Amino acid sequence: MKSNESAYIDDTGELAVIDIFDSVRHVPLPEVDTPEQLIQQLQLLTSQSSFSHKALDMAFEVMAEKIGLGAGC
């Protein structure tokens, strides 16, 4: 992981998102296959921890690209 990354795909293939306290929250990326699942994962992230806008934006972009929505959604 680069020190400036707030979200990245870890060695197990899961999405790791870093909160403002430097804690890591894992999202089971292989299970995110639809826009509904993407929204559900974002809701879980925002309700369970405090993430910066940058971290949530990066997590959204990774999940959106994974389900074929592409960059800039």
# chains A, B, ... in the order shown; residues from 1 in each chain; ligands from 1

call {"tool": "residues_around", "arguments": {"residues": "Ala16 in chain A", "least_positions_apart": "3", "cutoff": "12 Å", "atoms": "only C-alpha atoms", "output": "VMD selection string"}}
result
chain A and resid 1 5 to 13 19 22 to 29 45 51 55 to 56 58 to 60 62 to 63

call {"tool": "write_last_selection", "arguments": {"atoms": "N, CA and C atoms", "output": "compact mmCIF listing (two decimals), in the first residue's frame"}}
result
# COMPACT_ATOMS: atom_id res chain seq x y z
N MET A 1 0.83 -1.17 0.00
CA MET A 1 0.00 0.00 0.00
C MET A 1 0.88 1.24 0.00
N GLU A 5 -2.62 6.27 -0.02
CA GLU A 5 -3.84 5.61 -0.45
C GLU A 5 -4.80 5.44 0.72
N SER A 6 -6.05 5.78 0.48
CA SER A 6 -7.08 5.63 1.50
C SER A 6 -7.90 4.37 1.29
N ALA A 7 -7.80 3.80 0.09
CA ALA A 7 -8.50 2.55 -0.23
C ALA A 7 -7.67 1.82 -1.27
N TYR A 8 -7.57 0.53 -1.12
CA TYR A 8 -6.77 -0.27 -2.04
C TYR A 8 -7.24 -1.72 -2.00
N ILE A 9 -6.88 -2.49 -3.00
CA ILE A 9 -7.18 -3.92 -3.02
C ILE A 9 -6.01 -4.63 -2.36
N ASP A 10 -6.30 -5.37 -1.29
CA ASP A 10 -5.23 -6.03 -0.56
C ASP A 10 -4.84 -7.35 -1.21
N ASP A 11 -3.92 -8.07 -0.58
CA ASP A 11 -3.39 -9.32 -1.13
C ASP A 11 -4.44 -10.42 -1.24
N THR A 12 -5.52 -10.33 -0.47
CA THR A 12 -6.56 -11.36 -0.51
C THR A 12 -7.65 -11.04 -1.53
N GLY A 13 -7.55 -9.87 -2.19
CA GLY A 13 -8.54 -9.48 -3.18
C GLY A 13 -9.70 -8.69 -2.61
N ASP A 19 -9.87 4.34 7.65
CA ASP A 19 -10.66 5.42 8.23
C ASP A 19 -9.77 6.52 8.79
N ASP A 22 -6.89 5.60 11.03
CA ASP A 22 -5.93 4.65 10.44
C ASP A 22 -6.30 3.19 10.69
N SER A 23 -7.57 2.93 10.97
CA SER A 23 -8.05 1.55 11.07
C SER A 23 -8.48 1.09 9.69
N VAL A 24 -8.33 -0.20 9.44
CA VAL A 24 -8.67 -0.76 8.14
C VAL A 24 -10.01 -1.48 8.22
N ARG A 25 -10.88 -1.19 7.29
CA ARG A 25 -12.18 -1.88 7.17
C ARG A 25 -12.14 -2.60 5.83
N HIS A 26 -12.42 -3.90 5.83
CA HIS A 26 -12.39 -4.69 4.61
C HIS A 26 -13.78 -4.86 4.01
N VAL A 27 -13.85 -4.70 2.71
CA VAL A 27 -15.08 -4.92 1.95
C VAL A 27 -14.85 -6.15 1.09
N PRO A 28 -15.74 -7.14 1.16
CA PRO A 28 -15.57 -8.35 0.34
C PRO A 28 -15.84 -8.04 -1.14
N LEU A 29 -14.83 -7.53 -1.82
CA LEU A 29 -14.97 -7.07 -3.20
C LEU A 29 -15.53 -8.14 -4.14
N LEU A 45 -20.06 1.03 5.21
CA LEU A 45 -18.85 1.78 5.52
C LEU A 45 -19.16 3.05 6.30
N PHE A 51 -14.87 7.80 7.79
CA PHE A 51 -13.97 7.82 6.65
C PHE A 51 -13.91 9.21 6.06
N ALA A 55 -11.34 8.69 1.03
CA ALA A 55 -11.42 7.24 1.20
C ALA A 55 -12.71 6.68 0.62
N LEU A 56 -13.83 7.35 0.89
CA LEU A 56 -15.11 6.88 0.35
C LEU A 56 -15.15 7.00 -1.16
N MET A 58 -12.54 6.88 -3.20
CA MET A 58 -11.69 5.82 -3.75
C MET A 58 -12.38 4.46 -3.68
N ALA A 59 -13.06 4.18 -2.57
CA ALA A 59 -13.77 2.91 -2.42
C ALA A 59 -14.87 2.80 -3.46
N PHE A 60 -15.61 3.90 -3.67
CA PHE A 60 -16.66 3.91 -4.68
C PHE A 60 -16.09 3.63 -6.07
N VAL A 62 -13.32 2.07 -6.94
CA VAL A 62 -12.86 0.68 -7.08
C VAL A 62 -14.04 -0.25 -7.29
N MET A 63 -15.09 -0.09 -6.48
CA MET A 63 -16.26 -0.96 -6.61
C MET A 63 -17.01 -0.71 -7.92

call {"tool": "select_by_dssp", "arguments": {"residues": "chain A", "states": "strand (DSSP E)", "output": "number ranges by chain"}}
result
A: 7-9, 15-18, 24-27

call {"tool": "closest_residue", "arguments": {"among": "A:Ser50, A:Gly68, A:Pro35, A:Glu61", "to": "Ile18 in chain A", "atoms": "only C-alpha atoms"}}
result
A:Ser50

call {"tool": "closest_residue", "arguments": {"among": "A:Glu14, A:Ser47, A:Asp57, A:Ile67", "to": "Val32 in chain A", "atoms": "only C-alpha atoms"}}
result
A:Ile67
